[in-house]
Amino acid sequence: MGLLLTKADRHADPESFPWEGETIAFWDTDGGIENAFPEIERLAADCRFADCSHAHEPGCRVLRAVAEGEIVQERLDSYHKMNRELVTIAERQHKCPDRVEKERWKEIALKVQALKKREKGVY
Ligand SMILES: [Zn+2]
């Protein structure tokens, strides 16, 4: 996880985020996107709403975890930031946001897989 945080921090500034080109570098983590925020993904399973955005929903398990100090606010901020950036990509690609909402995790996971395959070829 230390390596993950380092990579995330390196791209923390949205203005310098390399959207053109190797955008997937941000999520180049072992196991793909589902492991980028494992504790949040785990908590999200207990949210009242399946499509909870963990921003203001009542019964949000993630927000409760932040309130109780189970996870740090910065971690959730990073999670939201990533989501916003994914939406930005969708808008640039003129995709239907609802569709992207459903497809984004799968797409990212596939890209990570492709990147890993490519890295194996290089090294
Ligand atoms: Zn939630």
# chains A, B, ... in the order shown; residues from 1 in each chain; ligands from 1
>>> residues_near_ligand(ligand="ligand 1", cutoff="9 Å", atoms="only C-alpha atoms and all ligand atoms", output="ChimeraX atom specification")
/A:40,43-64
>>> write_last_selection(atoms="C-alpha atoms", output="PDB file, in the first residue's frame")
ATOM      1  CA  ILE A  40     -13.531   2.032   1.027  1.00  0.00           C
ATOM      2  CA  LEU A  43     -17.135  -0.385   3.620  1.00  0.00           C
ATOM      3  CA  ALA A  44     -19.192   0.572   0.571  1.00  0.00           C
ATOM      4  CA  ALA A  45     -20.719  -2.896   0.608  1.00  0.00           C
ATOM      5  CA  ASP A  46     -22.487  -1.887   3.805  1.00  0.00           C
ATOM      6  CA  CYS A  47     -23.876   1.401   2.488  1.00  0.00           C
ATOM      7  CA  ARG A  48     -27.631   1.675   2.472  1.00  0.00           C
ATOM      8  CA  PHE A  49     -27.732   2.358  -1.248  1.00  0.00           C
ATOM      9  CA  ALA A  50     -25.958   0.168  -3.744  1.00  0.00           C
ATOM     10  CA  ASP A  51     -25.096   3.197  -5.895  1.00  0.00           C
ATOM     11  CA  CYS A  52     -23.971   5.270  -2.941  1.00  0.00           C
ATOM     12  CA  SER A  53     -21.478   7.962  -3.883  1.00  0.00           C
ATOM     13  CA  HIS A  54     -20.272   8.248  -0.266  1.00  0.00           C
ATOM     14  CA  ALA A  55     -20.729  12.008  -0.393  1.00  0.00           C
ATOM     15  CA  HIS A  56     -23.937  12.861   1.449  1.00  0.00           C
ATOM     16  CA  GLU A  57     -26.191   9.806   1.379  1.00  0.00           C
ATOM     17  CA  PRO A  58     -27.970   8.806   4.584  1.00  0.00           C
ATOM     18  CA  GLY A  59     -26.852   5.436   5.841  1.00  0.00           C
ATOM     19  CA  CYS A  60     -23.496   5.696   4.118  1.00  0.00           C
ATOM     20  CA  ARG A  61     -21.087   3.322   5.817  1.00  0.00           C
ATOM     21  CA  VAL A  62     -18.060   5.082   4.373  1.00  0.00           C
ATOM     22  CA  LEU A  63     -19.054   8.469   5.752  1.00  0.00           C
ATOM     23  CA  ARG A  64     -19.669   6.846   9.114  1.00  0.00           C
TER      24      ARG A  64
END
>>> atom_distance(atom1="atom CA of A:Val66", atom2="atom CA of A:Ile89")
27.5 Å
>>> closest_residue(among="A:Glu119, A:Pro38, A:Arg104, A:Ile71", to="A:Glu85", atoms="only C-alpha atoms")
A:Arg104
>>> atom_distance(atom1="atom CA of A:Ala109", atom2="atom CA of A:Glu74")
23.4 Å
